[in-house]
Structures are given as C-alpha cells and as structure tokens.
Amino acid sequence: MTREDKQQFTLRITQANPTELIVILYEMLLSYLEEGKTNLDDENKTAFREAVRKARGCINELMCSLRMEYEPAPALFKLYLFCIRRLAAAEARQEAGPLEEIVRVIRPLRDAYAQIAGQNSAGPVMGNSQAVYAGLTYGRNTLTENMADQGANRGMYV
C-alpha cells in the first residue's frame, strides 16, 4: 500500500460512521490481497508474507467488530474464518489462488456494506478529529499542507 493510500484511508477513517468503517476495512483488505498477489508475481516473498499478515489483521478486526447477537454475524464469522484459513494456505503454498478466493468472498460483502453505509445516518465515530478544509496551499517556492484550526478540541477525550 502506498503512502498516499494510507493517508487517504486515514482521512476517511476520521470522518466515517460505523458502517463506513467496515467498508474501509474491506477496502484495505482487498488492497493488501492485491499487494500480496503482486509481490508473489514479483517473487518478493518477504513482502508477500507482510501483505498476508496485514490482510489477516484486517480480517481479525472485522471478526472482532461482529455483534454475535444479531444476524448475519454468525454467517459472517464463518466467512471470515474461511478467509483466515485461505490466507494460511496461500502463505504455506506461496500461491495466489487462495487470495483470489478471498477476493471473490469479500468484494460482494464490501459492495453490500457500501450500499448500507449510505443509509446510516450516524455521525463520525471519531467526533474530535481534526477537520480538513483547504488541502494544499501554494507558496512562492513551496507547496505546503494547510490544516485549518488545530485547536484544543483535537483528539479523543478519556
């Protein structure tokens, strides 16, 4: 994942409601799976293992976010366990096939949650995050990032 991708995910996370956070996790997972396939094609085994580790972390976070008392959480839990097993198979065999199976499972889930996210009227999970208004400001010889009002309400309260 590139630095720009990480920055974009971070910005989206700070402004996301609970359902949008799930969509972002799915997108991060898909990104790591694609990265893993690319690294496997390039025969970069260390980067492949790192991409698989990060994909596993995304799936673990998705599993932890489930509320098992509601449907379809038990079915999603089983799908996530399947994905964990396929990641282990991909890592053990150094094959891209299991990663493609995970993509076929996750992409429809991501699309479904993206539709649901538009209907969720809850506000952002991170209420005290910094607002980004202007983006970049041009100087005479420089290009600098301008963040408006970095006041005392920034961060999380404990």
# chains A, B, ... in the order shown; residues from 1 in each chain; ligands from 1

call {"tool": "select_by_dssp", "arguments": {"residues": "region 49-121 of chain A", "states": "alpha helix (DSSP H)", "output": "PyMOL selection string"}}
result
chain A and resi 49-64+73-93+97-117

call {"tool": "closest_atom_pairs", "arguments": {"of": "region 3-98 of chain A", "to": "region 109-115 of chain A", "cutoff": "8 Å", "atoms": "only C-alpha atoms", "output": "CSV"}}
result
residue,atom,partner,partner_atom,distance
A:Thr19,CA,A:Tyr113,CA,6.9
A:Glu20,CA,A:Ala114,CA,7.1
A:Ile22,CA,A:Tyr113,CA,7.3
A:Val23,CA,A:Arg110,CA,5.7
A:Tyr26,CA,A:Arg110,CA,5.7
A:Glu27,CA,A:Arg110,CA,7.2

call {"tool": "write_last_selection", "arguments": {"atoms": "C-alpha atoms", "output": "short mmCIF file (atom, residue, chain, number, x, y, z; two decimals), in the first residue's frame"}}
result
data_model
loop_
_atom_site.label_atom_id
_atom_site.label_comp_id
_atom_site.auth_asym_id
_atom_site.auth_seq_id
_atom_site.Cartn_x
_atom_site.Cartn_y
_atom_site.Cartn_z
CA THR A 19 -20.81 1.21 8.71
CA GLU A 20 -18.33 3.17 6.62
CA ILE A 22 -16.47 -1.67 7.84
CA VAL A 23 -16.37 -0.64 4.16
CA TYR A 26 -12.93 -4.35 3.40
CA GLU A 27 -11.16 -1.98 1.00
#

call {"tool": "residues_around", "arguments": {"residues": "Cys64 (chain A)", "least_positions_apart": "3", "cutoff": "12 Å", "atoms": "only C-alpha atoms", "output": "list in words"}}
result
Ile22, Gly57, Cys58, Ile59, Asn60, Glu61, Arg67, Met68, Ala73, Leu76, Phe77, Tyr80 and Leu81 of chain A

call {"tool": "write_last_selection", "arguments": {"atoms": "N, CA and C atoms", "output": "PDB file, in the first residue's frame"}}
result
ATOM      1  N   ILE A  22     -16.501  -0.301   8.335  1.00  0.00           N
ATOM      2  CA  ILE A  22     -16.468  -1.674   7.835  1.00  0.00           C
ATOM      3  C   ILE A  22     -16.108  -1.674   6.348  1.00  0.00           C
ATOM      4  N   GLY A  57      -4.726  -9.187   9.697  1.00  0.00           N
ATOM      5  CA  GLY A  57      -5.096  -8.189  10.698  1.00  0.00           C
ATOM      6  C   GLY A  57      -6.430  -7.528  10.379  1.00  0.00           C
ATOM      7  N   CYS A  58      -6.675  -7.252   9.107  1.00  0.00           N
ATOM      8  CA  CYS A  58      -7.967  -6.670   8.707  1.00  0.00           C
ATOM      9  C   CYS A  58      -9.106  -7.641   8.993  1.00  0.00           C
ATOM     10  N   ILE A  59      -8.892  -8.906   8.655  1.00  0.00           N
ATOM     11  CA  ILE A  59      -9.942  -9.911   8.907  1.00  0.00           C
ATOM     12  C   ILE A  59     -10.172 -10.068  10.402  1.00  0.00           C
ATOM     13  N   ASN A  60      -9.112 -10.073  11.185  1.00  0.00           N
ATOM     14  CA  ASN A  60      -9.278 -10.175  12.646  1.00  0.00           C
ATOM     15  C   ASN A  60     -10.066  -8.998  13.189  1.00  0.00           C
ATOM     16  N   GLU A  61      -9.816  -7.815  12.670  1.00  0.00           N
ATOM     17  CA  GLU A  61     -10.573  -6.634  13.110  1.00  0.00           C
ATOM     18  C   GLU A  61     -12.043  -6.759  12.709  1.00  0.00           C
ATOM     19  N   ARG A  67     -21.175  -8.319  16.166  1.00  0.00           N
ATOM     20  CA  ARG A  67     -22.030  -8.449  17.347  1.00  0.00           C
ATOM     21  C   ARG A  67     -22.858  -9.702  17.143  1.00  0.00           C
ATOM     22  N   MET A  68     -22.429 -10.765  17.801  1.00  0.00           N
ATOM     23  CA  MET A  68     -22.945 -12.095  17.520  1.00  0.00           C
ATOM     24  C   MET A  68     -24.430 -12.273  17.844  1.00  0.00           C
ATOM     25  N   ALA A  73     -24.294 -11.919  11.745  1.00  0.00           N
ATOM     26  CA  ALA A  73     -22.960 -12.024  12.348  1.00  0.00           C
ATOM     27  C   ALA A  73     -22.421 -13.463  12.383  1.00  0.00           C
ATOM     28  N   LEU A  76     -21.242 -14.312   8.884  1.00  0.00           N
ATOM     29  CA  LEU A  76     -20.045 -13.542   8.544  1.00  0.00           C
ATOM     30  C   LEU A  76     -18.822 -14.087   9.270  1.00  0.00           C
ATOM     31  N   PHE A  77     -19.010 -14.497  10.523  1.00  0.00           N
ATOM     32  CA  PHE A  77     -17.903 -15.066  11.287  1.00  0.00           C
ATOM     33  C   PHE A  77     -17.344 -16.302  10.575  1.00  0.00           C
ATOM     34  N   TYR A  80     -15.364 -15.218   7.580  1.00  0.00           N
ATOM     35  CA  TYR A  80     -14.058 -14.676   7.969  1.00  0.00           C
ATOM     36  C   TYR A  80     -13.095 -15.794   8.360  1.00  0.00           C
ATOM     37  N   LEU A  81     -13.606 -16.831   9.040  1.00  0.00           N
ATOM     38  CA  LEU A  81     -12.755 -17.985   9.371  1.00  0.00           C
ATOM     39  C   LEU A  81     -12.276 -18.676   8.095  1.00  0.00           C
TER      40      LEU A  81
END

call {"tool": "atom_distance", "arguments": {"atom1": "CA of Ala117 (chain A)", "atom2": "CA of Thr2 (chain A)"}}
result
25.4 Å

call {"tool": "atom_distance", "arguments": {"atom1": "CA of Leu33 (chain A)", "atom2": "CA of Ala55 (chain A)"}}
result
6.5 Å

call {"tool": "closest_residue", "arguments": {"among": "A:Ile24, A:Ala122, A:Leu62, A:Val52", "to": "Ala89 (chain A)", "atoms": "only C-alpha atoms"}}
result
A:Val52

call {"tool": "atom_distance", "arguments": {"atom1": "CA of Leu30 (chain A)", "atom2": "CA of Ala51 (chain A)"}}
result
10.5 Å

call {"tool": "decode", "arguments": {"residues": "region 13-149 of chain A", "atoms": "C-alpha atoms", "output": "CSV table (one decimal), in the first residue's frame"}}
result
chain,number,residue,atom,x,y,z
A,13,ILE,CA,-11.4,6.8,8.9
A,14,THR,CA,-11.5,10.0,10.8
A,15,GLN,CA,-14.8,11.0,9.0
A,16,ALA,CA,-16.5,7.6,8.9
A,17,ASN,CA,-19.6,6.4,10.6
A,18,PRO,CA,-19.6,2.8,12.0
A,19,THR,CA,-20.8,1.2,8.7
A,20,GLU,CA,-18.3,3.2,6.6
A,21,LEU,CA,-15.5,1.9,8.9
A,22,ILE,CA,-16.5,-1.7,7.8
A,23,VAL,CA,-16.4,-0.6,4.2
A,24,ILE,CA,-12.9,0.9,4.7
A,25,LEU,CA,-11.7,-2.3,6.4
A,26,TYR,CA,-12.9,-4.3,3.4
A,27,GLU,CA,-11.2,-2.0,1.0
A,28,MET,CA,-7.9,-2.2,3.0
A,29,LEU,CA,-8.2,-6.0,3.0
A,30,LEU,CA,-8.7,-6.0,-0.8
A,31,SER,CA,-5.7,-3.7,-1.2
A,32,TYR,CA,-3.5,-6.0,0.9
A,33,LEU,CA,-4.7,-9.0,-1.1
A,34,GLU,CA,-3.8,-7.3,-4.4
A,35,GLU,CA,-0.5,-6.3,-3.0
A,36,GLY,CA,0.2,-9.9,-1.9
A,37,LYS,CA,-0.6,-11.2,-5.4
A,38,THR,CA,1.7,-8.6,-6.9
A,39,ASN,CA,4.5,-9.5,-4.5
A,40,LEU,CA,4.1,-13.2,-5.3
A,41,ASP,CA,4.3,-12.5,-9.0
A,42,ASP,CA,7.5,-10.5,-8.4
A,43,GLU,CA,8.8,-13.3,-6.2
A,44,ASN,CA,9.2,-11.0,-3.2
A,45,LYS,CA,8.4,-13.5,-0.5
A,46,THR,CA,9.1,-11.2,2.4
A,47,ALA,CA,6.7,-8.5,1.1
A,48,PHE,CA,4.2,-11.3,0.3
A,49,ARG,CA,4.2,-12.5,3.9
A,50,GLU,CA,3.9,-8.9,5.2
A,51,ALA,CA,0.8,-8.3,2.9
A,52,VAL,CA,-0.7,-11.6,4.1
A,53,ARG,CA,-0.1,-10.6,7.8
A,54,LYS,CA,-1.8,-7.2,7.2
A,55,ALA,CA,-4.7,-8.8,5.4
A,56,ARG,CA,-5.0,-11.2,8.4
A,57,GLY,CA,-5.1,-8.2,10.7
A,58,CYS,CA,-8.0,-6.7,8.7
A,59,ILE,CA,-9.9,-9.9,8.9
A,60,ASN,CA,-9.3,-10.2,12.6
A,61,GLU,CA,-10.6,-6.6,13.1
A,62,LEU,CA,-13.7,-7.5,11.1
A,63,MET,CA,-14.2,-10.6,13.3
A,64,CYS,CA,-13.9,-8.5,16.5
A,65,SER,CA,-16.4,-6.0,15.2
A,66,LEU,CA,-19.2,-8.5,14.9
A,67,ARG,CA,-22.0,-8.4,17.3
A,68,MET,CA,-22.9,-12.1,17.5
A,69,GLU,CA,-26.4,-11.5,18.9
A,70,TYR,CA,-27.5,-10.0,15.6
A,71,GLU,CA,-27.9,-11.7,12.2
A,72,PRO,CA,-25.9,-12.1,9.9
A,73,ALA,CA,-23.0,-12.0,12.3
A,74,PRO,CA,-22.7,-15.8,12.8
A,75,ALA,CA,-22.6,-16.3,9.0
A,76,LEU,CA,-20.0,-13.5,8.5
A,77,PHE,CA,-17.9,-15.1,11.3
A,78,LYS,CA,-17.8,-18.4,9.3
A,79,LEU,CA,-16.9,-16.5,6.2
A,80,TYR,CA,-14.1,-14.7,8.0
A,81,LEU,CA,-12.8,-18.0,9.4
A,82,PHE,CA,-12.8,-19.4,5.8
A,83,CYS,CA,-10.7,-16.3,4.7
A,84,ILE,CA,-8.2,-16.9,7.5
A,85,ARG,CA,-7.8,-20.5,6.5
A,86,ARG,CA,-7.3,-19.5,2.9
A,87,LEU,CA,-4.7,-16.9,3.9
A,88,ALA,CA,-2.8,-19.6,5.7
A,89,ALA,CA,-3.0,-21.9,2.7
A,90,ALA,CA,-1.7,-19.1,0.4
A,91,GLU,CA,1.2,-18.4,2.7
A,92,ALA,CA,2.1,-22.0,3.2
A,93,ARG,CA,1.9,-22.9,-0.6
A,94,GLN,CA,3.1,-19.5,-1.8
A,95,GLU,CA,0.1,-19.4,-4.2
A,96,ALA,CA,-2.2,-16.6,-5.4
A,97,GLY,CA,-5.2,-18.9,-5.9
A,98,PRO,CA,-6.4,-18.7,-2.3
A,99,LEU,CA,-6.0,-14.9,-2.3
A,100,GLU,CA,-8.3,-14.8,-5.3
A,101,GLU,CA,-10.9,-16.9,-3.5
A,102,ILE,CA,-10.9,-14.4,-0.6
A,103,VAL,CA,-11.4,-11.5,-3.1
A,104,ARG,CA,-14.4,-13.4,-4.5
A,105,VAL,CA,-15.9,-13.6,-1.0
A,106,ILE,CA,-15.0,-10.1,0.2
A,107,ARG,CA,-15.9,-8.0,-2.8
A,108,PRO,CA,-19.7,-8.6,-2.7
A,109,LEU,CA,-19.6,-8.0,1.1
A,110,ARG,CA,-17.8,-4.7,0.5
A,111,ASP,CA,-20.4,-3.7,-2.1
A,112,ALA,CA,-23.3,-4.6,0.1
A,113,TYR,CA,-21.9,-2.7,3.1
A,114,ALA,CA,-21.2,0.3,0.8
A,115,GLN,CA,-24.9,0.5,-0.1
A,116,ILE,CA,-25.9,0.2,3.6
A,117,ALA,CA,-23.4,2.9,4.6
A,118,GLY,CA,-25.3,5.5,2.6
A,119,GLN,CA,-28.4,4.7,4.7
A,120,ASN,CA,-26.6,5.0,8.1
A,121,SER,CA,-27.3,8.5,9.5
A,122,ALA,CA,-24.9,8.1,12.4
A,123,GLY,CA,-22.2,10.7,12.7
A,124,PRO,CA,-18.5,10.0,12.5
A,125,VAL,CA,-17.1,7.6,15.1
A,126,MET,CA,-14.2,10.0,15.8
A,127,GLY,CA,-16.0,13.1,17.0
A,128,ASN,CA,-12.9,15.1,18.0
A,129,SER,CA,-10.8,14.5,14.9
A,130,GLN,CA,-9.2,17.4,13.0
A,131,ALA,CA,-11.2,18.9,10.2
A,132,VAL,CA,-9.6,19.2,6.8
A,133,TYR,CA,-10.8,22.2,4.9
A,134,ALA,CA,-8.3,23.6,2.4
A,135,GLY,CA,-5.9,20.8,1.5
A,136,LEU,CA,-2.8,22.3,-0.1
A,137,THR,CA,-1.6,25.9,-0.1
A,138,TYR,CA,0.8,27.2,-2.7
A,139,GLY,CA,3.6,29.4,-1.7
A,140,ARG,CA,6.1,31.3,-3.8
A,141,ASN,CA,8.6,28.4,-3.9
A,142,THR,CA,6.9,25.7,-1.8
A,143,LEU,CA,3.8,23.6,-1.6
A,144,THR,CA,2.6,23.1,2.0
A,145,GLU,CA,-0.3,21.4,3.5
A,146,ASN,CA,-2.7,23.7,5.3
A,147,MET,CA,-4.8,22.4,8.2
A,148,ALA,CA,-7.4,24.8,9.5
A,149,ASP,CA,-7.8,25.4,13.2
